[in-house]
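S.K.: Structure incoming, see below.
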Amino acid sequence: MRTLPPLALAAALAGTLLLTACDDDGAGADDVKNADRPTGSACALGDMGVKVGAGAAPAAGDTGTVTVTLTNKGAQCTLKGFPGVDLMADDSTTSVSPDQGVKAQPLTLGKGGTTSFTLTYVRGEAGSPKSLPVRKASFTLPGATEDAHTLTWSYGEVARKDGESGAAEASVSGFESSGD
């Protein structure tokens, strides 16, 4: 068995620790980035992993859903309120209101914790002035409205509530607890 001189052993050990601290998901970088963020502060979109799943409405008049799942990759944070959601067409943008009758509950997410919210919409008739030809949707988190996540909308046109100039026939849920 070969023994290493103390200096070589220390260098080998330091190199091993350095390689162990680096991982593929950048968690080490997140820890440094969030070191000065107070625990329980508002969640930041930049600290979230985002996944989108849809139950697209098959035809005009049908209801569809788009569910956004967020995974906290940063320090513990809190969501207080509803997500801000905008639907963007070529020539206009309309904000989506929260579900009526739903009260937002504060939700604290630890590192690795997940939550989701759902956008529910009624599909509009293609080419109709009573439909909004949505091309993109964006959302923000409560308390962090300067940072938006934008996604391509491929779920068809969205019906308008009151004809040609009405708001989109859509609503957004509160944050659902998915566990930590």
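For the structure tokens, the naming scheme is as follows: chains receive sequential letters (A, B, ...) according to their order of presentation, residues are indexed from 1 within each chain, and ligands are indexed from 1 in presentation order.
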Write out as a tab-separated table the residues of stretch 98-155 of chain A that have any atom within 7 Å of an atom of stretch 39-58 of chain A, one row each with the nearest atom pair and its distance in Å to one decimal, counting only C-alpha atoms, sorted by chain and then rising number.
M.R.:
residue	atom	partner	partner_atom	distance
A:Thr108	CA	A:Gly40	CA	7.0
A:Arg123	CA	A:Ala57	CA	6.0
A:Leu141	CA	A:Leu45	CA	6.6
A:Gly143	CA	A:Ala42	CA	5.9
A:Ala144	CA	A:Ala44	CA	6.1
A:Asp147	CA	A:Leu45	CA	6.5
A:Tyr155	CA	A:Ala56	CA	5.5
S.K.: Can you spit out the residues from that selection as a compact mmCIF listing (two decimals), in the first residue's frame, using N, CA and C atoms?
M.R.:
# COMPACT_ATOMS: atom_id res chain seq x y z
N THR A 108 -46.14 28.36 2.20
CA THR A 108 -44.69 28.41 2.37
C THR A 108 -44.08 27.20 1.69
N ARG A 123 -62.64 27.65 -24.80
CA ARG A 123 -62.09 27.79 -26.15
C ARG A 123 -63.05 28.59 -27.01
N LEU A 141 -45.39 35.84 -10.02
CA LEU A 141 -45.72 35.41 -8.67
C LEU A 141 -46.09 36.62 -7.83
N GLY A 143 -45.92 39.41 -5.22
CA GLY A 143 -44.77 40.02 -4.57
C GLY A 143 -43.55 40.08 -5.46
N ALA A 144 -43.62 39.54 -6.67
CA ALA A 144 -42.49 39.54 -7.59
C ALA A 144 -42.97 39.80 -9.01
N ASP A 147 -40.80 40.04 -12.58
CA ASP A 147 -40.21 38.86 -13.22
C ASP A 147 -41.31 37.96 -13.74
N TYR A 155 -53.17 26.25 -27.48
CA TYR A 155 -54.41 25.59 -27.04
C TYR A 155 -55.65 26.18 -27.70
S.K.: Tell me, as a compact mmCIF listing (two decimals) with N, CA, C and O atoms, in the first residue's frame, which residues lie within 9 Å of A:Ser131, counting only C-alpha atoms; anything in the same chain fewer than 4 positions away does not count.
M.R.:
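Saved the output as selection-v1.txt:
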# COMPACT_ATOMS: atom_id res chain seq x y z
N ARG A 123 -62.64 27.65 -24.80
CA ARG A 123 -62.09 27.79 -26.15
C ARG A 123 -63.05 28.59 -27.01
O ARG A 123 -64.26 28.37 -27.00
N GLY A 124 -62.50 29.51 -27.77
CA GLY A 124 -63.28 30.33 -28.68
C GLY A 124 -63.29 29.75 -30.08
O GLY A 124 -62.52 28.85 -30.41
N GLU A 125 -64.17 30.30 -30.89
CA GLU A 125 -64.27 29.87 -32.29
C GLU A 125 -63.15 30.53 -33.09
O GLU A 125 -62.96 31.75 -33.02
N ALA A 126 -62.42 29.75 -33.84
CA ALA A 126 -61.29 30.26 -34.62
C ALA A 126 -61.74 31.35 -35.58
O ALA A 126 -62.73 31.20 -36.29
N GLY A 127 -61.03 32.48 -35.56
CA GLY A 127 -61.32 33.58 -36.49
C GLY A 127 -62.48 34.46 -36.10
O GLY A 127 -62.76 35.44 -36.78
N GLU A 157 -57.91 29.49 -29.69
CA GLU A 157 -58.37 30.82 -29.31
C GLU A 157 -59.20 30.72 -28.03
O GLU A 157 -59.76 29.67 -27.71
N VAL A 158 -59.27 31.84 -27.30
CA VAL A 158 -60.01 31.89 -26.04
C VAL A 158 -61.24 32.76 -26.23
O VAL A 158 -61.15 33.87 -26.78
N ALA A 159 -62.39 32.26 -25.81
CA ALA A 159 -63.64 33.02 -25.94
C ALA A 159 -63.58 34.28 -25.09
O ALA A 159 -62.90 34.33 -24.07
N ARG A 160 -64.32 35.30 -25.55
CA ARG A 160 -64.44 36.55 -24.78
C ARG A 160 -65.76 36.51 -24.01
O ARG A 160 -66.75 36.01 -24.50
N GLY A 163 -68.59 39.36 -25.78
CA GLY A 163 -68.49 39.65 -27.21
C GLY A 163 -67.12 40.12 -27.64
O GLY A 163 -66.11 39.74 -27.08
N GLU A 164 -67.12 41.01 -28.64
CA GLU A 164 -65.89 41.39 -29.32
C GLU A 164 -64.88 42.14 -28.47
O GLU A 164 -63.70 42.09 -28.72
N ALA A 168 -61.11 37.95 -21.61
CA ALA A 168 -61.06 36.51 -21.90
C ALA A 168 -61.91 35.74 -20.91
O ALA A 168 -61.97 36.07 -19.72
S.K.: To one decimal place in Å, what is the distance between atom CA of A:Lys130 and atom CA of A:Ser95?
M.R.: 16.6 Å
S.K.: State, in Å with one decimal place, the distance from atom CA of A:Thr94 to atom CA of A:Leu132.
M.R.: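 Computing the Euclidean distance for atom CA of A:Thr94 and atom CA of A:Leu132 yields 9.1 Å.
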S.K.: Determine, counting only C-alpha atoms, which protein, DNA and RNA residues have an atom within 7 Å of an atom of stretch 100-104 of chain A; residues of the same chain fewer than 4 positions away are not included. Present the result as a ChimeraX atom specification.
M.R.: /A:81-82,174
S.K.: Considering only C-alpha atoms, return as a ChimeraX atom specification whatever protein or nucleic-acid residues lie within 9 Å of A:Ser154, sequence-local ones (same chain, fewer than 4 positions apart) excluded.
M.R.: /A:56,134-136
S.K.: So how far away is atom CA of A:Val68 from atom CA of A:Ser92, in Å?
M.R.: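 We find that atom CA of A:Ser92 and atom CA of A:Val68 lie 22.8 Å from each other.
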S.K.: DSSP says strand (DSSP E or B) for which residues of stretch 59-163 of chain A? Put them as a compact mmCIF listing (two decimals) with all heavy atoms, in the first residue's frame?
M.R.:
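Okay, this is what ended up in states_23.txt:
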# COMPACT_ATOMS: atom_id res chain seq x y z
N THR A 63 -64.29 23.65 -22.24
CA THR A 63 -63.40 24.18 -21.22
C THR A 63 -62.09 23.42 -21.22
O THR A 63 -62.08 22.19 -21.30
CB THR A 63 -64.07 24.08 -19.82
OG1 THR A 63 -65.28 24.84 -19.85
CG2 THR A 63 -63.15 24.63 -18.74
N GLY A 64 -61.01 24.16 -21.13
CA GLY A 64 -59.68 23.56 -21.07
C GLY A 64 -58.92 24.07 -19.86
O GLY A 64 -59.33 25.06 -19.23
N THR A 65 -57.84 23.41 -19.52
CA THR A 65 -57.01 23.82 -18.39
C THR A 65 -55.53 23.79 -18.77
O THR A 65 -55.11 22.97 -19.58
CB THR A 65 -57.21 22.91 -17.16
OG1 THR A 65 -56.88 21.57 -17.52
CG2 THR A 65 -58.64 22.98 -16.65
N VAL A 66 -54.79 24.69 -18.17
CA VAL A 66 -53.34 24.70 -18.28
C VAL A 66 -52.83 24.76 -16.84
O VAL A 66 -53.12 25.70 -16.11
CB VAL A 66 -52.83 25.92 -19.08
CG1 VAL A 66 -51.31 25.93 -19.12
CG2 VAL A 66 -53.42 25.92 -20.48
N THR A 67 -52.11 23.72 -16.43
CA THR A 67 -51.60 23.64 -15.06
C THR A 67 -50.11 23.93 -15.07
O THR A 67 -49.36 23.34 -15.83
CB THR A 67 -51.87 22.26 -14.45
OG1 THR A 67 -53.30 22.04 -14.44
CG2 THR A 67 -51.35 22.17 -13.03
N VAL A 68 -49.71 24.86 -14.20
CA VAL A 68 -48.30 25.23 -14.06
C VAL A 68 -47.83 24.70 -12.71
O VAL A 68 -48.41 25.02 -11.67
CB VAL A 68 -48.12 26.76 -14.14
CG1 VAL A 68 -46.67 27.15 -13.91
CG2 VAL A 68 -48.63 27.29 -15.48
N THR A 69 -46.79 23.88 -12.74
CA THR A 69 -46.21 23.33 -11.52
C THR A 69 -44.86 24.01 -11.28
O THR A 69 -44.04 24.09 -12.18
CB THR A 69 -46.03 21.81 -11.62
OG1 THR A 69 -47.31 21.22 -11.88
CG2 THR A 69 -45.44 21.23 -10.34
N LEU A 70 -44.68 24.50 -10.06
CA LEU A 70 -43.46 25.20 -9.68
C LEU A 70 -42.72 24.39 -8.63
O LEU A 70 -43.33 23.90 -7.68
CB LEU A 70 -43.80 26.57 -9.11
CG LEU A 70 -44.63 27.49 -10.00
CD1 LEU A 70 -45.10 28.70 -9.21
CD2 LEU A 70 -43.82 27.92 -11.20
N THR A 71 -41.41 24.27 -8.77
CA THR A 71 -40.57 23.60 -7.78
C THR A 71 -39.55 24.62 -7.28
O THR A 71 -38.80 25.20 -8.06
CB THR A 71 -39.83 22.40 -8.40
OG1 THR A 71 -40.81 21.49 -8.93
CG2 THR A 71 -38.99 21.68 -7.36
N ASN A 72 -39.54 24.83 -5.97
CA ASN A 72 -38.64 25.80 -5.37
C ASN A 72 -37.22 25.25 -5.33
O ASN A 72 -36.95 24.26 -4.67
CB ASN A 72 -39.11 26.16 -3.95
CG ASN A 72 -38.27 27.24 -3.32
OD1 ASN A 72 -37.48 27.90 -3.98
ND2 ASN A 72 -38.43 27.42 -2.02
N CYS A 77 -39.51 30.13 0.97
CA CYS A 77 -40.18 31.37 0.59
C CYS A 77 -41.68 31.19 0.76
O CYS A 77 -42.17 30.09 0.99
CB CYS A 77 -39.83 31.74 -0.85
SG CYS A 77 -40.36 30.52 -2.08
N THR A 78 -42.41 32.30 0.62
CA THR A 78 -43.86 32.27 0.82
C THR A 78 -44.58 32.89 -0.36
O THR A 78 -44.15 33.92 -0.89
CB THR A 78 -44.22 33.03 2.11
OG1 THR A 78 -43.52 32.42 3.21
CG2 THR A 78 -45.71 32.97 2.39
N LEU A 79 -45.67 32.27 -0.76
CA LEU A 79 -46.57 32.79 -1.78
C LEU A 79 -47.81 33.32 -1.07
O LEU A 79 -48.50 32.56 -0.38
CB LEU A 79 -46.96 31.69 -2.77
CG LEU A 79 -45.82 31.13 -3.62
CD1 LEU A 79 -46.22 29.80 -4.24
CD2 LEU A 79 -45.42 32.13 -4.67
N GLY A 84 -50.26 36.23 -11.13
CA GLY A 84 -50.75 37.18 -12.13
C GLY A 84 -50.61 36.52 -13.49
O GLY A 84 -49.51 36.09 -13.85
N VAL A 85 -51.69 36.43 -14.26
CA VAL A 85 -51.65 35.77 -15.56
C VAL A 85 -52.18 36.73 -16.63
O VAL A 85 -53.24 37.34 -16.45
CB VAL A 85 -52.49 34.47 -15.57
CG1 VAL A 85 -52.48 33.83 -16.95
CG2 VAL A 85 -51.98 33.49 -14.53
N ASP A 86 -51.44 36.85 -17.72
CA ASP A 86 -51.86 37.64 -18.88
C ASP A 86 -51.88 36.75 -20.10
O ASP A 86 -50.99 35.91 -20.30
CB ASP A 86 -50.88 38.79 -19.15
CG ASP A 86 -50.96 39.89 -18.11
OD1 ASP A 86 -52.06 40.15 -17.60
OD2 ASP A 86 -49.92 40.50 -17.82
N LEU A 87 -52.91 36.92 -20.93
CA LEU A 87 -53.01 36.25 -22.22
C LEU A 87 -52.71 37.29 -23.29
O LEU A 87 -53.30 38.37 -23.30
CB LEU A 87 -54.40 35.66 -22.43
CG LEU A 87 -54.83 34.60 -21.41
CD1 LEU A 87 -56.27 34.16 -21.68
CD2 LEU A 87 -53.90 33.42 -21.42
N MET A 88 -51.78 36.97 -24.20
CA MET A 88 -51.32 37.94 -25.19
C MET A 88 -51.68 37.49 -26.60
O MET A 88 -51.32 36.38 -27.00
CB MET A 88 -49.81 38.12 -25.05
CG MET A 88 -49.42 38.69 -23.70
SD MET A 88 -47.65 38.69 -23.39
CE MET A 88 -47.42 37.01 -22.84
N ALA A 89 -52.39 38.36 -27.30
CA ALA A 89 -52.70 38.16 -28.71
C ALA A 89 -51.77 39.08 -29.50
O ALA A 89 -50.97 39.81 -28.91
CB ALA A 89 -54.16 38.49 -28.97
N THR A 93 -53.46 42.50 -24.95
CA THR A 93 -53.15 41.66 -23.79
C THR A 93 -54.30 41.80 -22.81
O THR A 93 -54.81 42.90 -22.60
CB THR A 93 -51.83 42.12 -23.12
OG1 THR A 93 -50.77 41.97 -24.05
CG2 THR A 93 -51.53 41.31 -21.88
N THR A 94 -54.73 40.69 -22.25
CA THR A 94 -55.79 40.74 -21.25
C THR A 94 -55.34 39.98 -20.00
O THR A 94 -54.73 38.93 -20.10
CB THR A 94 -57.12 40.17 -21.81
OG1 THR A 94 -58.15 40.35 -20.85
CG2 THR A 94 -57.00 38.71 -22.17
N SER A 95 -55.64 40.55 -18.86
CA SER A 95 -55.31 39.91 -17.59
C SER A 95 -56.40 38.92 -17.21
O SER A 95 -57.59 39.16 -17.47
CB SER A 95 -55.17 40.95 -16.48
OG SER A 95 -54.05 41.76 -16.74
N VAL A 96 -56.00 37.83 -16.60
CA VAL A 96 -56.94 36.79 -16.17
C VAL A 96 -57.24 36.99 -14.70
O VAL A 96 -56.32 37.15 -13.88
CB VAL A 96 -56.35 35.39 -16.43
CG1 VAL A 96 -57.27 34.31 -15.91
CG2 VAL A 96 -56.07 35.20 -17.92
N SER A 97 -58.51 36.99 -14.35
CA SER A 97 -58.93 37.19 -12.96
C SER A 97 -58.86 35.88 -12.17
O SER A 97 -59.02 34.80 -12.74
CB SER A 97 -60.38 37.70 -12.91
OG SER A 97 -60.46 38.94 -13.56
N PRO A 98 -58.69 35.98 -10.85
CA PRO A 98 -58.73 34.78 -10.01
C PRO A 98 -60.12 34.16 -10.03
O PRO A 98 -61.12 34.85 -10.27
CB PRO A 98 -58.40 35.31 -8.62
CG PRO A 98 -57.70 36.61 -8.84
CD PRO A 98 -58.29 37.17 -10.10
N LEU A 107 -48.87 30.24 1.31
CA LEU A 107 -48.26 28.93 1.16
C LEU A 107 -46.75 29.09 1.27
O LEU A 107 -46.15 29.88 0.53
CB LEU A 107 -48.63 28.33 -0.19
CG LEU A 107 -48.05 26.97 -0.54
CD1 LEU A 107 -48.55 25.89 0.42
CD2 LEU A 107 -48.38 26.60 -1.97
N THR A 108 -46.14 28.36 2.20
CA THR A 108 -44.69 28.41 2.37
C THR A 108 -44.08 27.20 1.69
O THR A 108 -44.53 26.07 1.88
CB THR A 108 -44.33 28.43 3.88
OG1 THR A 108 -44.90 29.60 4.46
CG2 THR A 108 -42.82 28.45 4.07
N LEU A 109 -43.06 27.46 0.88
CA LEU A 109 -42.36 26.40 0.16
C LEU A 109 -40.92 26.31 0.65
O LEU A 109 -40.18 27.29 0.58
CB LEU A 109 -42.32 26.69 -1.34
CG LEU A 109 -43.60 26.58 -2.14
CD1 LEU A 109 -43.33 26.96 -3.58
CD2 LEU A 109 -44.14 25.18 -2.06
N THR A 114 -43.02 21.87 -3.91
CA THR A 114 -43.73 22.14 -5.15
C THR A 114 -45.13 22.67 -4.88
O THR A 114 -45.73 22.40 -3.83
CB THR A 114 -43.85 20.88 -6.04
OG1 THR A 114 -44.57 19.87 -5.32
CG2 THR A 114 -42.48 20.36 -6.44
N THR A 115 -45.62 23.41 -5.83
CA THR A 115 -46.98 23.91 -5.82
C THR A 115 -47.44 24.02 -7.26
O THR A 115 -46.63 23.93 -8.19
CB THR A 115 -47.08 25.29 -5.12
OG1 THR A 115 -48.47 25.67 -5.02
CG2 THR A 115 -46.32 26.37 -5.88
N SER A 116 -48.73 24.20 -7.45
CA SER A 116 -49.23 24.38 -8.81
C SER A 116 -50.43 25.33 -8.78
O SER A 116 -51.05 25.55 -7.74
CB SER A 116 -49.64 23.04 -9.43
OG SER A 116 -50.69 22.46 -8.69
N PHE A 117 -50.72 25.89 -9.94
CA PHE A 117 -51.94 26.66 -10.13
C PHE A 117 -52.48 26.31 -11.50
O PHE A 117 -51.76 25.81 -12.36
CB PHE A 117 -51.71 28.18 -9.96
CG PHE A 117 -50.83 28.80 -10.99
CD1 PHE A 117 -51.34 29.29 -12.19
CD2 PHE A 117 -49.47 28.93 -10.76
CE1 PHE A 117 -50.51 29.88 -13.14
CE2 PHE A 117 -48.63 29.52 -11.71
CZ PHE A 117 -49.15 30.00 -12.89
N THR A 118 -53.78 26.54 -11.68
CA THR A 118 -54.43 26.15 -12.93
C THR A 118 -55.15 27.33 -13.57
O THR A 118 -55.91 28.04 -12.90
CB THR A 118 -55.43 25.01 -12.67
OG1 THR A 118 -54.72 23.90 -12.10
CG2 THR A 118 -56.10 24.55 -13.96
N LEU A 119 -54.90 27.50 -14.84
CA LEU A 119 -55.62 28.46 -15.66
C LEU A 119 -56.72 27.69 -16.36
O LEU A 119 -56.45 26.70 -17.05
CB LEU A 119 -54.65 29.08 -16.68
CG LEU A 119 -55.27 29.94 -17.78
CD1 LEU A 119 -55.85 31.21 -17.18
CD2 LEU A 119 -54.24 30.27 -18.83
N THR A 120 -57.96 28.11 -16.15
CA THR A 120 -59.11 27.47 -16.80
C THR A 120 -59.66 28.45 -17.84
O THR A 120 -59.79 29.64 -17.56
CB THR A 120 -60.20 27.13 -15.76
OG1 THR A 120 -59.62 26.28 -14.76
CG2 THR A 120 -61.38 26.42 -16.40
N TYR A 121 -59.96 27.96 -19.03
CA TYR A 121 -60.42 28.84 -20.11
C TYR A 121 -61.49 28.14 -20.94
O TYR A 121 -61.62 26.92 -20.92
CB TYR A 121 -59.26 29.26 -21.01
CG TYR A 121 -58.72 28.12 -21.85
CD1 TYR A 121 -59.12 27.95 -23.18
CD2 TYR A 121 -57.84 27.19 -21.31
CE1 TYR A 121 -58.65 26.90 -23.94
CE2 TYR A 121 -57.36 26.13 -22.06
CZ TYR A 121 -57.77 25.99 -23.37
OH TYR A 121 -57.31 24.93 -24.13
N VAL A 122 -62.26 28.96 -21.65
CA VAL A 122 -63.24 28.44 -22.61
C VAL A 122 -62.68 28.70 -24.00
O VAL A 122 -62.30 29.83 -24.33
CB VAL A 122 -64.62 29.11 -22.44
CG1 VAL A 122 -65.59 28.64 -23.52
CG2 VAL A 122 -65.18 28.83 -21.05
N ARG A 123 -62.64 27.65 -24.80
CA ARG A 123 -62.09 27.79 -26.15
C ARG A 123 -63.05 28.59 -27.01
O ARG A 123 -64.26 28.37 -27.00
CB ARG A 123 -61.83 26.43 -26.77
CG ARG A 123 -61.15 26.54 -28.12
CD ARG A 123 -60.44 25.31 -28.49
NE ARG A 123 -59.82 25.46 -29.81
CZ ARG A 123 -59.11 24.53 -30.36
NH1 ARG A 123 -58.92 23.37 -29.75
NH2 ARG A 123 -58.57 24.72 -31.54
N SER A 131 -63.60 35.97 -30.12
CA SER A 131 -62.52 35.14 -29.58
C SER A 131 -61.23 35.94 -29.53
O SER A 131 -61.02 36.84 -30.35
CB SER A 131 -62.30 33.90 -30.43
OG SER A 131 -63.43 33.08 -30.43
N LEU A 132 -60.39 35.61 -28.60
CA LEU A 132 -59.09 36.23 -28.47
C LEU A 132 -58.05 35.26 -29.03
O LEU A 132 -57.90 34.15 -28.51
CB LEU A 132 -58.80 36.53 -27.00
CG LEU A 132 -57.49 37.25 -26.67
CD1 LEU A 132 -57.51 38.67 -27.25
CD2 LEU A 132 -57.30 37.30 -25.17
N VAL A 134 -55.05 34.07 -28.79
CA VAL A 134 -53.92 34.07 -27.86
C VAL A 134 -52.71 33.39 -28.52
O VAL A 134 -52.83 32.32 -29.12
CB VAL A 134 -54.30 33.35 -26.54
CG1 VAL A 134 -53.10 33.24 -25.61
CG2 VAL A 134 -55.46 34.05 -25.88
N ARG A 135 -51.56 34.02 -28.40
CA ARG A 135 -50.30 33.48 -28.93
C ARG A 135 -49.34 33.10 -27.81
O ARG A 135 -48.54 32.19 -27.96
CB ARG A 135 -49.61 34.50 -29.84
CG ARG A 135 -50.45 34.95 -31.01
CD ARG A 135 -50.63 33.83 -32.03
NE ARG A 135 -51.49 34.27 -33.11
CZ ARG A 135 -52.65 33.73 -33.40
NH1 ARG A 135 -53.10 32.71 -32.71
NH2 ARG A 135 -53.39 34.17 -34.40
N LYS A 136 -49.44 33.84 -26.69
CA LYS A 136 -48.56 33.59 -25.55
C LYS A 136 -49.33 33.86 -24.26
O LYS A 136 -50.32 34.58 -24.26
CB LYS A 136 -47.34 34.51 -25.58
CG LYS A 136 -46.41 34.25 -26.74
CD LYS A 136 -45.20 35.15 -26.68
CE LYS A 136 -44.30 34.85 -27.86
NZ LYS A 136 -43.07 35.60 -27.80
N ALA A 137 -48.85 33.27 -23.19
CA ALA A 137 -49.36 33.55 -21.86
C ALA A 137 -48.15 33.83 -20.98
O ALA A 137 -47.08 33.27 -21.19
CB ALA A 137 -50.16 32.36 -21.32
N SER A 138 -48.32 34.71 -20.03
CA SER A 138 -47.24 34.96 -19.09
C SER A 138 -47.81 34.97 -17.68
O SER A 138 -49.00 35.24 -17.49
CB SER A 138 -46.52 36.28 -19.39
OG SER A 138 -47.33 37.38 -19.04
N PHE A 139 -46.96 34.64 -16.72
CA PHE A 139 -47.41 34.70 -15.33
C PHE A 139 -46.30 35.24 -14.45
O PHE A 139 -45.12 35.16 -14.77
CB PHE A 139 -47.91 33.34 -14.84
CG PHE A 139 -46.83 32.31 -14.67
CD1 PHE A 139 -46.13 32.19 -13.47
CD2 PHE A 139 -46.52 31.43 -15.70
CE1 PHE A 139 -45.14 31.24 -13.31
CE2 PHE A 139 -45.53 30.48 -15.55
CZ PHE A 139 -44.84 30.38 -14.35
N THR A 140 -46.74 35.85 -13.35
CA THR A 140 -45.84 36.35 -12.33
C THR A 140 -46.29 35.78 -10.99
O THR A 140 -47.42 35.32 -10.84
CB THR A 140 -45.86 37.89 -12.25
OG1 THR A 140 -47.19 38.32 -11.98
CG2 THR A 140 -45.38 38.52 -13.55
N LEU A 141 -45.39 35.84 -10.02
CA LEU A 141 -45.72 35.41 -8.67
C LEU A 141 -46.09 36.62 -7.83
O LEU A 141 -45.58 37.72 -8.07
CB LEU A 141 -44.53 34.67 -8.04
CG LEU A 141 -44.07 33.42 -8.77
CD1 LEU A 141 -42.89 32.79 -8.04
CD2 LEU A 141 -45.20 32.41 -8.91
N ALA A 144 -43.62 39.54 -6.67
CA ALA A 144 -42.49 39.54 -7.59
C ALA A 144 -42.97 39.80 -9.01
O ALA A 144 -42.69 39.05 -9.93
CB ALA A 144 -41.74 38.21 -7.50
N THR A 145 -43.72 40.88 -9.21
CA THR A 145 -44.37 41.13 -10.49
C THR A 145 -43.43 41.62 -11.58
O THR A 145 -43.81 41.67 -12.74
CB THR A 145 -45.51 42.15 -10.32
OG1 THR A 145 -44.96 43.35 -9.74
CG2 THR A 145 -46.61 41.61 -9.42
N GLU A 146 -42.19 41.94 -11.24
CA GLU A 146 -41.25 42.40 -12.26
C GLU A 146 -40.64 41.26 -13.05
O GLU A 146 -40.03 41.46 -14.08
CB GLU A 146 -40.14 43.25 -11.62
CG GLU A 146 -39.18 42.49 -10.73
CD GLU A 146 -39.73 42.11 -9.35
OE1 GLU A 146 -40.78 42.63 -8.92
OE2 GLU A 146 -39.10 41.26 -8.69
N ASP A 147 -40.80 40.04 -12.58
CA ASP A 147 -40.21 38.86 -13.22
C ASP A 147 -41.31 37.96 -13.74
O ASP A 147 -42.05 37.37 -12.95
CB ASP A 147 -39.34 38.13 -12.17
CG ASP A 147 -38.48 37.05 -12.77
OD1 ASP A 147 -38.25 37.07 -14.00
OD2 ASP A 147 -38.01 36.18 -12.02
N ALA A 148 -41.45 37.86 -15.06
CA ALA A 148 -42.53 37.06 -15.66
C ALA A 148 -41.96 35.86 -16.41
O ALA A 148 -40.87 35.92 -16.96
CB ALA A 148 -43.36 37.92 -16.60
N HIS A 149 -42.73 34.79 -16.41
CA HIS A 149 -42.40 33.60 -17.21
C HIS A 149 -43.40 33.56 -18.36
O HIS A 149 -44.61 33.62 -18.15
CB HIS A 149 -42.52 32.33 -16.36
CG HIS A 149 -42.17 31.09 -17.13
ND1 HIS A 149 -40.88 30.65 -17.26
CD2 HIS A 149 -42.95 30.22 -17.82
CE1 HIS A 149 -40.87 29.54 -17.99
NE2 HIS A 149 -42.11 29.27 -18.34
N THR A 150 -42.90 33.47 -19.59
CA THR A 150 -43.76 33.47 -20.77
C THR A 150 -43.73 32.10 -21.43
O THR A 150 -42.68 31.48 -21.52
CB THR A 150 -43.30 34.54 -21.77
OG1 THR A 150 -43.32 35.82 -21.11
CG2 THR A 150 -44.20 34.60 -22.98
N LEU A 151 -44.89 31.65 -21.87
CA LEU A 151 -44.97 30.38 -22.58
C LEU A 151 -45.78 30.56 -23.85
O LEU A 151 -46.66 31.42 -23.94
CB LEU A 151 -45.58 29.29 -21.70
CG LEU A 151 -46.97 29.54 -21.11
CD1 LEU A 151 -47.99 28.65 -21.81
CD2 LEU A 151 -46.94 29.23 -19.63
N THR A 152 -45.48 29.75 -24.84
CA THR A 152 -46.21 29.77 -26.10
C THR A 152 -47.57 29.12 -25.88
O THR A 152 -47.67 28.06 -25.27
CB THR A 152 -45.43 29.01 -27.19
OG1 THR A 152 -44.16 29.65 -27.34
CG2 THR A 152 -46.17 29.00 -28.51
N VAL A 158 -59.27 31.84 -27.30
CA VAL A 158 -60.01 31.89 -26.04
C VAL A 158 -61.24 32.76 -26.23
O VAL A 158 -61.15 33.87 -26.78
CB VAL A 158 -59.12 32.43 -24.89
CG1 VAL A 158 -59.91 32.56 -23.60
CG2 VAL A 158 -57.90 31.52 -24.70
N ALA A 159 -62.39 32.26 -25.81
CA ALA A 159 -63.64 33.02 -25.94
C ALA A 159 -63.58 34.28 -25.09
O ALA A 159 -62.90 34.33 -24.07
CB ALA A 159 -64.82 32.15 -25.51
N ARG A 160 -64.32 35.30 -25.55
CA ARG A 160 -64.44 36.55 -24.78
C ARG A 160 -65.76 36.51 -24.01
O ARG A 160 -66.75 36.01 -24.50
CB ARG A 160 -64.43 37.75 -25.71
CG ARG A 160 -63.09 37.96 -26.41
CD ARG A 160 -63.19 39.22 -27.29
NE ARG A 160 -62.00 39.44 -28.06
CZ ARG A 160 -60.98 40.22 -27.67
NH1 ARG A 160 -61.03 40.80 -26.50
NH2 ARG A 160 -59.95 40.39 -28.45
S.K.: Taking only C-alpha atoms into account, name the residue in A:Ala59, A:Pro129, A:Asp90, A:Ser165 that is nearest to A:Trp153.
M.R.: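 Once distances to A:Trp153 are computed over only C-alpha atoms, the minimum belongs to A:Asp90.
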S.K.: If you run DSSP on this backbone, which residues of stretch 19-151 of chain A come out as helix (DSSP H, G or I), and could you give them as a PyMOL selection string?
M.R.: chain A and resi 19-21+27-33+45-47
